[in-house]
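Here's structure-v1.pdb, which has PDB, C-alpha atoms:
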MODEL        1
ATOM      1  CA  MET A1219       0.000   0.000   0.000
ATOM      2  CA  THR A1220       2.654   2.522   1.048
ATOM      3  CA  ILE A1221       4.853   1.677  -1.910
ATOM      4  CA  TYR A1222       1.991   2.375  -4.321
ATOM      5  CA  LEU A1223       1.385   5.687  -2.593
ATOM      6  CA  PHE A1224       5.080   6.451  -3.042
ATOM      7  CA  TYR A1225       4.943   5.600  -6.743
ATOM      8  CA  PHE A1226       1.792   7.659  -7.238
ATOM      9  CA  LEU A1227       3.204  10.742  -5.469
ATOM     10  CA  SER A1228       6.508  10.425  -7.333
ATOM     11  CA  PHE A1229       4.706  10.121 -10.650
ATOM     12  CA  VAL A1230       2.591  13.207  -9.938
ATOM     13  CA  ALA A1231       5.629  15.185  -8.777
ATOM     14  CA  VAL A1232       7.792  14.330 -11.788
ATOM     15  CA  LEU A1233       4.982  14.748 -14.332
ATOM     16  CA  CYS A1234       3.929  18.141 -12.979
ATOM     17  CA  ALA A1235       7.560  19.246 -12.725
ATOM     18  CA  LEU A1236       7.970  18.426 -16.419
ATOM     19  CA  LEU A1237       4.765  20.299 -17.207
ATOM     20  CA  VAL A1238       6.132  23.335 -15.323
ATOM     21  CA  VAL A1239       9.009  23.412 -17.788
ATOM     22  CA  PHE A1240       7.085  22.594 -20.945
ATOM     23  CA  SER A1241       3.712  24.335 -20.548
ATOM     24  CA  LYS A1242       3.156  27.366 -22.740
ATOM     25  CA  SER A1243       1.496  29.797 -20.374
ATOM     26  CA  PRO A1244       3.257  31.016 -17.190
ATOM     27  CA  VAL A1245       0.044  30.767 -15.162
ATOM     28  CA  ASN A1246      -0.200  27.057 -16.023
ATOM     29  CA  SER A1247       3.411  26.639 -14.933
ATOM     30  CA  VAL A1248       2.622  28.149 -11.537
ATOM     31  CA  LEU A1249      -0.411  25.895 -11.074
ATOM     32  CA  PHE A1250       1.590  22.775 -11.984
ATOM     33  CA  LEU A1251       4.332  23.837  -9.595
ATOM     34  CA  ILE A1252       1.721  24.053  -6.813
ATOM     35  CA  VAL A1253       0.633  20.466  -7.602
ATOM     36  CA  THR A1254       4.293  19.399  -7.460
ATOM     37  CA  PHE A1255       4.664  21.030  -4.058
ATOM     38  CA  PHE A1256       1.575  19.224  -2.764
ATOM     39  CA  ALA A1257       3.038  15.914  -3.974
ATOM     40  CA  ILE A1258       6.288  16.706  -2.158
ATOM     41  CA  ALA A1259       4.255  17.526   0.973
ATOM     42  CA  GLY A1260       2.696  14.072   0.617
ATOM     43  CA  HIS A1261       6.185  12.600   0.554
ATOM     44  CA  TYR A1262       6.989  14.467   3.771
ATOM     45  CA  VAL A1263       3.938  12.891   5.437
ATOM     46  CA  LEU A1264       5.098   9.467   4.211
ATOM     47  CA  LEU A1265       8.490  10.150   5.762
ATOM     48  CA  ASN A1266       6.980  10.983   9.189
ATOM     49  CA  ALA A1267       7.797  14.695   8.833
ATOM     50  CA  GLN A1268       4.291  15.961   9.552
ATOM     51  CA  PHE A1269       5.306  19.378  10.834
ATOM     52  CA  LEU A1270       7.461  20.032   7.788
ATOM     53  CA  ALA A1271       4.622  18.934   5.515
ATOM     54  CA  ALA A1272       2.355  21.534   7.098
ATOM     55  CA  VAL A1273       5.031  24.240   6.945
ATOM     56  CA  HIS A1274       5.782  23.307   3.342
ATOM     57  CA  VAL A1275       2.162  23.712   2.283
ATOM     58  CA  ILE A1276       1.796  26.989   4.192
ATOM     59  CA  VAL A1277       5.061  28.566   3.017
ATOM     60  CA  TYR A1278       5.251  27.294  -0.561
ATOM     61  CA  ALA A1279       1.680  26.787  -1.724
ATOM     62  CA  GLY A1280       0.313  29.502   0.553
ATOM     63  CA  ALA A1281       2.874  32.281   0.330
ATOM     64  CA  ILE A1282       5.508  31.827  -2.344
ATOM     65  CA  MET A1283       3.286  30.589  -5.153
ATOM     66  CA  VAL A1284       0.658  33.223  -4.435
ATOM     67  CA  LEU A1285       3.428  35.797  -4.779
ATOM     68  CA  PHE A1286       4.448  34.267  -8.115
ATOM     69  CA  LEU A1287       0.878  34.230  -9.354
ATOM     70  CA  TYR A1288       0.382  37.810  -8.232
ATOM     71  CA  VAL A1289       3.490  39.009 -10.066
ATOM     72  CA  ILE A1290       2.534  37.121 -13.244
ATOM     73  CA  MET A1291      -0.913  38.656 -13.211
ATOM     74  CA  MET A1292       0.436  42.113 -12.399
ATOM     75  CA  LEU A1293       2.906  41.946 -15.297
ATOM     76  CA  ASN A1294       0.116  40.509 -17.514
ATOM     77  CA  LEU A1295       2.243  37.661 -18.858
ATOM     78  CA  ASN A1296       0.426  35.182 -21.052
ATOM     79  CA  ARG A1297       0.919  32.732 -23.875
ATOM     80  CA  ASP A1298       1.283  35.432 -26.541
ATOM     81  CA  VAL A1299       4.171  37.395 -25.067
ATOM     82  CA  GLU A1300       6.042  34.266 -23.947
ATOM     83  CA  PRO A1301       9.617  34.319 -25.315
ATOM     84  CA  HIS A1302      11.017  31.060 -26.699
ATOM     85  CA  LYS A1303      14.501  29.836 -27.379
ATOM     86  CA  PRO A1304      15.431  28.470 -30.815
ATOM     87  CA  VAL A1305      14.878  24.761 -31.345
ATOM     88  CA  ALA A1306      18.590  23.908 -31.414
ATOM     89  CA  LEU A1307      19.137  25.548 -28.013
ATOM     90  CA  ARG A1308      16.115  23.749 -26.570
ATOM     91  CA  PHE A1309      17.405  20.431 -27.853
ATOM     92  CA  ALA A1310      20.806  21.208 -26.304
ATOM     93  CA  ALA A1311      19.067  22.043 -23.012
ATOM     94  CA  VAL A1312      17.225  18.705 -22.982
ATOM     95  CA  VAL A1313      20.459  16.844 -23.742
ATOM     96  CA  ALA A1314      22.330  18.735 -21.011
ATOM     97  CA  GLY A1315      19.605  18.085 -18.431
ATOM     98  CA  GLY A1316      19.451  14.406 -19.325
ATOM     99  CA  LEU A1317      23.223  14.084 -19.131
ATOM    100  CA  LEU A1318      23.204  15.729 -15.699
ATOM    101  CA  ALA A1319      20.539  13.258 -14.525
ATOM    102  CA  ILE A1320      22.516  10.293 -15.875
ATOM    103  CA  THR A1321      25.730  11.572 -14.286
ATOM    104  CA  LEU A1322      24.121  12.076 -10.884
ATOM    105  CA  ILE A1323      22.387   8.684 -10.987
ATOM    106  CA  GLY A1324      25.671   7.056 -11.945
ATOM    107  CA  ALA A1325      27.554   8.902  -9.210
ATOM    108  CA  LEU A1326      25.001   7.781  -6.598
ATOM    109  CA  HIS A1327      25.094   4.204  -7.809
ATOM    110  CA  GLY A1328      26.309   2.690  -4.540
ATOM    111  CA  ALA A1329      23.386   4.067  -2.549
ATOM    112  CA  GLU A1330      21.532   0.729  -2.565
ATOM    113  CA  THR A1331      24.130  -0.615  -0.173
ATOM    114  CA  LEU A1332      23.569   2.103   2.428
ATOM    115  CA  PRO A1333      23.217   0.531   5.868
ATOM    116  CA  LYS A1334      19.656   0.069   7.052
ATOM    117  CA  ALA A1335      18.502   2.519   9.666
ATOM    118  CA  GLY A1336      18.751   0.987  13.115
ATOM    119  CA  ASN A1337      15.942   1.726  15.541
ATOM    120  CA  VAL A1338      13.683   4.093  13.626
ATOM    121  CA  GLN A1339      11.985   6.760  15.721
ATOM    122  CA  ALA A1340       8.654   7.697  14.221
ATOM    123  CA  ASP A1341       8.173  10.827  16.353
ATOM    124  CA  ILE A1342      11.186  12.725  15.043
ATOM    125  CA  GLY A1343       9.190  14.987  12.738
ATOM    126  CA  LEU A1344       6.740  16.109  15.400
ATOM    127  CA  ILE A1345       6.763  19.715  16.487
ATOM    128  CA  GLU A1346       8.063  18.983  19.991
ATOM    129  CA  ASN A1347      11.251  17.272  18.860
ATOM    130  CA  LEU A1348      11.920  19.756  16.071
ATOM    131  CA  GLY A1349      11.384  22.671  18.435
ATOM    132  CA  LYS A1350      13.822  21.234  20.950
ATOM    133  CA  THR A1351      16.461  20.765  18.264
ATOM    134  CA  LEU A1352      15.785  24.174  16.746
ATOM    135  CA  PHE A1353      16.084  26.099  20.000
ATOM    136  CA  ASN A1354      18.944  24.101  21.483
ATOM    137  CA  ASP A1355      21.327  23.310  18.643
ATOM    138  CA  PHE A1356      20.312  25.878  16.039
ATOM    139  CA  LEU A1357      19.517  28.961  18.118
ATOM    140  CA  LEU A1358      22.101  31.258  16.490
ATOM    141  CA  PRO A1359      21.067  30.397  12.890
ATOM    142  CA  PHE A1360      17.463  30.955  13.937
ATOM    143  CA  GLU A1361      18.262  34.478  15.160
ATOM    144  CA  ILE A1362      20.387  35.203  12.088
ATOM    145  CA  SER A1363      17.526  34.152   9.809
ATOM    146  CA  SER A1364      15.372  36.835  11.431
ATOM    147  CA  ILE A1365      17.993  39.420  10.387
ATOM    148  CA  LEU A1366      17.926  37.876   6.903
ATOM    149  CA  PHE A1367      14.161  38.365   6.764
ATOM    150  CA  LEU A1368      14.455  41.971   7.899
ATOM    151  CA  SER A1369      17.067  42.747   5.249
ATOM    152  CA  ALA A1370      15.027  40.920   2.597
ATOM    153  CA  MET A1371      11.975  42.955   3.512
ATOM    154  CA  VAL A1372      13.920  46.220   3.348
ATOM    155  CA  GLY A1373      15.509  45.161   0.062
ATOM    156  CA  ALA A1374      12.202  44.192  -1.530
ATOM    157  CA  VAL A1375      10.575  47.473  -0.548
ATOM    158  CA  MET A1376      13.595  49.466  -1.746
ATOM    159  CA  LEU A1377      13.723  47.636  -5.086
ATOM    160  CA  GLY A1378       9.995  47.938  -5.578
ATOM    161  CA  LYS A1379       9.884  51.710  -5.134
ATOM    162  CA  LYS A1380       9.504  53.770  -8.265
ATOM    163  CA  GLU A1381      12.270  56.279  -7.650
ATOM    164  CA  LEU A1382      14.748  56.602  -4.862
ATOM    165  CA  LYS A1383      14.987  60.114  -3.554
TER     166      LYS A1383
ATOM    167  CA  MET B 869       3.240   1.072   8.421
ATOM    168  CA  SER B 870       5.415   4.035   7.595
ATOM    169  CA  ALA B 871       7.387   4.510   4.417
ATOM    170  CA  ILE B 872      10.744   4.164   6.133
ATOM    171  CA  GLN B 873      10.354   0.407   6.647
ATOM    172  CA  VAL B 874       8.986  -0.260   3.158
ATOM    173  CA  ILE B 875      10.776   2.046   0.738
ATOM    174  CA  PRO B 876      14.579   1.889   0.365
ATOM    175  CA  VAL B 877      16.347   5.219   0.760
ATOM    176  CA  HIS B 878      17.812   5.129  -2.741
ATOM    177  CA  TYR B 879      14.324   5.482  -4.197
ATOM    178  CA  TYR B 880      14.204   8.907  -2.613
ATOM    179  CA  ILE B 881      17.700   9.679  -3.883
ATOM    180  CA  LEU B 882      16.557   8.809  -7.415
ATOM    181  CA  LEU B 883      13.414  10.927  -7.124
ATOM    182  CA  SER B 884      15.412  13.908  -5.849
ATOM    183  CA  VAL B 885      17.958  13.551  -8.648
ATOM    184  CA  VAL B 886      15.190  13.481 -11.248
ATOM    185  CA  LEU B 887      13.443  16.537  -9.774
ATOM    186  CA  PHE B 888      16.739  18.422  -9.534
ATOM    187  CA  SER B 889      17.572  17.606 -13.149
ATOM    188  CA  ILE B 890      14.147  18.816 -14.279
ATOM    189  CA  GLY B 891      14.894  22.079 -12.455
ATOM    190  CA  VAL B 892      18.232  22.422 -14.258
ATOM    191  CA  LEU B 893      16.524  21.558 -17.542
ATOM    192  CA  GLY B 894      13.964  24.303 -16.953
ATOM    193  CA  VAL B 895      16.661  26.892 -16.264
ATOM    194  CA  LEU B 896      18.376  25.979 -19.544
ATOM    195  CA  PHE B 897      15.174  25.544 -21.543
ATOM    196  CA  ARG B 898      13.159  28.686 -20.870
ATOM    197  CA  ARG B 899      13.783  32.379 -21.466
ATOM    198  CA  ASN B 900      11.093  33.757 -19.194
ATOM    199  CA  ALA B 901      12.812  34.876 -15.978
ATOM    200  CA  ILE B 902       9.823  33.967 -13.797
ATOM    201  CA  ILE B 903       9.791  30.360 -15.046
ATOM    202  CA  ILE B 904      13.538  30.139 -14.429
ATOM    203  CA  PHE B 905      12.912  31.372 -10.910
ATOM    204  CA  MET B 906      10.252  28.691 -10.409
ATOM    205  CA  CYS B 907      12.665  26.025 -11.607
ATOM    206  CA  ILE B 908      15.175  27.203  -9.002
ATOM    207  CA  GLU B 909      12.449  26.674  -6.384
ATOM    208  CA  LEU B 910      11.991  23.173  -7.799
ATOM    209  CA  MET B 911      15.705  22.459  -7.326
ATOM    210  CA  LEU B 912      15.550  23.726  -3.729
ATOM    211  CA  ASN B 913      12.626  21.383  -3.113
ATOM    212  CA  ALA B 914      14.476  18.392  -4.525
ATOM    213  CA  VAL B 915      17.274  19.055  -2.031
ATOM    214  CA  ASN B 916      14.717  19.521   0.759
ATOM    215  CA  LEU B 917      13.139  16.162  -0.044
ATOM    216  CA  LEU B 918      16.509  14.438   0.128
ATOM    217  CA  LEU B 919      17.340  16.107   3.456
ATOM    218  CA  VAL B 920      14.011  15.026   4.956
ATOM    219  CA  ALA B 921      14.480  11.482   3.641
ATOM    220  CA  PHE B 922      17.943  11.115   5.178
ATOM    221  CA  SER B 923      16.820  12.744   8.409
ATOM    222  CA  SER B 924      13.957  10.255   8.749
ATOM    223  CA  TYR B 925      15.977   7.207   7.766
ATOM    224  CA  PHE B 926      18.787   7.981  10.200
ATOM    225  CA  SER B 927      16.598   9.454  12.976
ATOM    226  CA  ASP B 928      18.358  12.808  13.093
ATOM    227  CA  ALA B 929      16.191  15.892  13.604
ATOM    228  CA  GLY B 930      18.994  18.159  12.371
ATOM    229  CA  GLY B 931      18.125  17.463   8.738
ATOM    230  CA  GLN B 932      14.558  18.608   9.174
ATOM    231  CA  VAL B 933      15.680  21.789  10.934
ATOM    232  CA  PHE B 934      17.946  22.420   7.949
ATOM    233  CA  VAL B 935      14.944  22.103   5.658
ATOM    234  CA  PHE B 936      13.194  24.646   7.854
ATOM    235  CA  PHE B 937      16.040  27.110   7.301
ATOM    236  CA  ILE B 938      16.110  26.421   3.575
ATOM    237  CA  MET B 939      12.411  27.297   3.419
ATOM    238  CA  ALA B 940      13.105  30.553   5.290
ATOM    239  CA  VAL B 941      15.925  31.452   2.880
ATOM    240  CA  ALA B 942      13.722  30.537  -0.120
ATOM    241  CA  ALA B 943      10.945  32.821   1.117
ATOM    242  CA  ALA B 944      13.363  35.742   1.528
ATOM    243  CA  GLU B 945      14.910  34.979  -1.872
ATOM    244  CA  VAL B 946      11.524  34.974  -3.594
ATOM    245  CA  ALA B 947      10.576  38.332  -2.077
ATOM    246  CA  VAL B 948      13.774  40.017  -3.251
ATOM    247  CA  GLY B 949      13.879  38.176  -6.581
ATOM    248  CA  LEU B 950      10.348  39.073  -7.565
ATOM    249  CA  ALA B 951      11.016  42.697  -6.610
ATOM    250  CA  ILE B 952      14.022  42.637  -8.956
ATOM    251  CA  LEU B 953      11.881  41.032 -11.660
ATOM    252  CA  THR B 954       9.201  43.717 -11.461
ATOM    253  CA  MET B 955      12.002  46.300 -11.611
ATOM    254  CA  ILE B 956      13.411  44.630 -14.755
ATOM    255  CA  PHE B 957       9.945  44.518 -16.268
ATOM    256  CA  ARG B 958       9.441  48.203 -15.544
ATOM    257  CA  ASN B 959      12.650  49.071 -17.396
ATOM    258  CA  THR B 960      12.525  46.664 -20.355
ATOM    259  CA  ARG B 961       8.757  45.929 -20.594
ATOM    260  CA  SER B 962       9.610  42.230 -20.737
ATOM    261  CA  THR B 963      10.802  39.341 -18.560
ATOM    262  CA  ASP B 964      12.953  37.900 -21.332
ATOM    263  CA  ILE B 965      16.428  37.210 -19.962
ATOM    264  CA  ASP B 966      18.047  37.652 -23.379
ATOM    265  CA  PHE B 967      17.504  41.414 -23.119
ATOM    266  CA  LEU B 968      19.823  41.497 -20.134
ATOM    267  CA  ASN B 969      23.054  40.596 -21.906
ATOM    268  CA  LYS B 970      25.339  43.478 -20.896
ATOM    269  CA  LEU B 971      27.333  41.211 -18.575
ATOM    270  CA  LYS B 972      27.372  38.279 -20.961
ATOM    271  CA  TRP B 973      30.777  38.480 -22.618
TER     272      TRP B 973
ENDMDL
END

Just dump the structure as structure tokens.
Amino acid sequence: MTIYLFYFLSFVAVLCALLVVFSKSPVNSVLFLIVTFFAIAGHYVLLNAQFLAAVHVIVYAGAIMVLFLYVIMMLNLNRDVEPHKPVALRFAAVVAGGLLAITLIGALHGAETLPKAGNVQADIGLIENLGKTLFNDFLLPFEISSILFLSAMVGAVMLGKKELK
Amino acid sequence: MSAIQVIPVHYYILLSVVLFSIGVLGVLFRRNAIIIFMCIELMLNAVNLLLVAFSSYFSDAGGQVFVFFIMAVAAAEVAVGLAILTMIFRNTRSTDIDFLNKLKW
């Protein structure tokens, strides 16, 4: 049962990721990317990372993709103004991407022999354990990321202004 | 029955590699800067998936906290990047990256 769920979610993720690249209209690309993110959230639930699955849906599908969709609609991008590369360059891109995939798969060939996990703890992805790890071992990065957010906010507002006086 | 007992970890490695390669393919394939940006998000998510998989298989919460930070960085990156994109669009009336070739050669 679980393995079929894995295959189904993987199929949806890969298919929609391909459709993101190959669909004509940018709005369709955004919608397919949202489906891909939901499939990845399903994988997180399969992997006992329930908190991350929730955060993933909230941050990606809820915030980031809405921002993308908003910008696409504000710039009024559609199928007609979509720029395209020449066919030769597209073919070269497909070959390069496929070669990268083959190289990575070949480089990770020995991964089947990874040692089996010992005593698996199912509660590792719950909010209590993650919070303990976050605020004990990763307290300084957590504080630094707040500074990152502040600077990103200031930068976005500054870049978005019409003219700087 | 959770996935960790049933599915070998190299299945997740393969899935992440495929998703990452599709992201790279999208960056090379498209000229619209917004689509390229979305493909970068796809690559980040492939790495996130691999981190979560290893963190679950080896019972280490550190991997999932890393994913948390990657999501935070991705959110900040999207805010700044889309601001830059709207700025580019305001100046060139297009999101075609081939207009921005002053630094190319």

How big is the axis-aligned box, and where does its centre sit, when it encloses all atoms of range 937-941 of chain B listed in the file and has 3 Å added on every side, reported in Å to one decimal as JSON?
{"center_x": 14.3, "center_y": 28.9, "center_z": 5.1, "size_x": 9.7, "size_y": 11.0, "size_z": 10.4}

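Taking only C-alpha atoms into account, chain B lies nearest to A:Ile1342 out of the set A:Val1253, A:Ile1342, A:Ala1325, A:Val1284.
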
With chain B as the partner and 7 Å as the cut-off, tabulate the residues of chain A that qualify, each row holding the nearest pair of atoms and their distance in Å to one decimal, using all atoms listed in the file, sorted by chain and rising number, as a tab-separated table.
residue	atom	partner	partner_atom	distance
A:Thr1220	CA	B:Ala871	CA	6.1
A:Ile1221	CA	B:Ile875	CA	6.5
A:Ser1228	CA	B:Leu883	CA	6.9
A:Val1232	CA	B:Leu887	CA	6.4
A:Ala1235	CA	B:Ile890	CA	6.8
A:Leu1236	CA	B:Ile890	CA	6.5
A:Val1239	CA	B:Gly894	CA	5.1
A:Pro1244	CA	B:Ile903	CA	6.9
A:Leu1264	CA	B:Ala871	CA	5.5
A:Leu1265	CA	B:Ala871	CA	5.9
A:Ile1282	CA	B:Ala943	CA	6.5
A:Glu1300	CA	B:Asn900	CA	7.0
A:Pro1301	CA	B:Arg899	CA	6.0
A:His1302	CA	B:Arg899	CA	6.1
A:Lys1303	CA	B:Arg899	CA	6.5
A:Arg1308	CA	B:Phe897	CA	5.4
A:Ala1311	CA	B:Leu896	CA	5.3
A:Val1312	CA	B:Leu893	CA	6.2
A:Gly1315	CA	B:Leu893	CA	4.7
A:Leu1318	CA	B:Ser889	CA	6.5
A:Ala1319	CA	B:Ser889	CA	5.4
A:Leu1322	CA	B:Val885	CA	6.7
A:Ile1323	CA	B:Leu882	CA	6.8
A:Ala1329	CA	B:His878	CA	5.7
A:Glu1330	CA	B:His878	CA	5.8
A:Ala1335	CA	B:Phe926	CA	5.5
A:Val1338	CA	B:Ser927	CA	6.1
A:Gln1339	CA	B:Ser927	CA	6.0
A:Ile1342	CA	B:Ala929	CA	6.1
A:Leu1348	CA	B:Ala929	CA	6.3
A:Thr1351	CA	B:Ala929	CA	6.7
A:Leu1352	CA	B:Val933	CA	6.3
A:Phe1367	CA	B:Ala944	CA	5.9
A:Ala1370	CA	B:Ala944	CA	5.5
A:Gly1373	CA	B:Val948	CA	6.4
A:Ala1374	CA	B:Val948	CA	4.8
A:Leu1377	CA	B:Ala951	CA	5.8
A:Gly1378	CA	B:Ala951	CA	5.4

*State, in Å with one decimal place, the distance from CA of Leu1270 in chain A to CA of Ile1365 in chain A.*
22.2 Å

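One finds CA of Met1283 in chain A at 22.1 Å from CA of Lys1379 in chain A.
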
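Between CA of Val1273 in chain A and CA of Ser1247 in chain A the separation is 22.1 Å.
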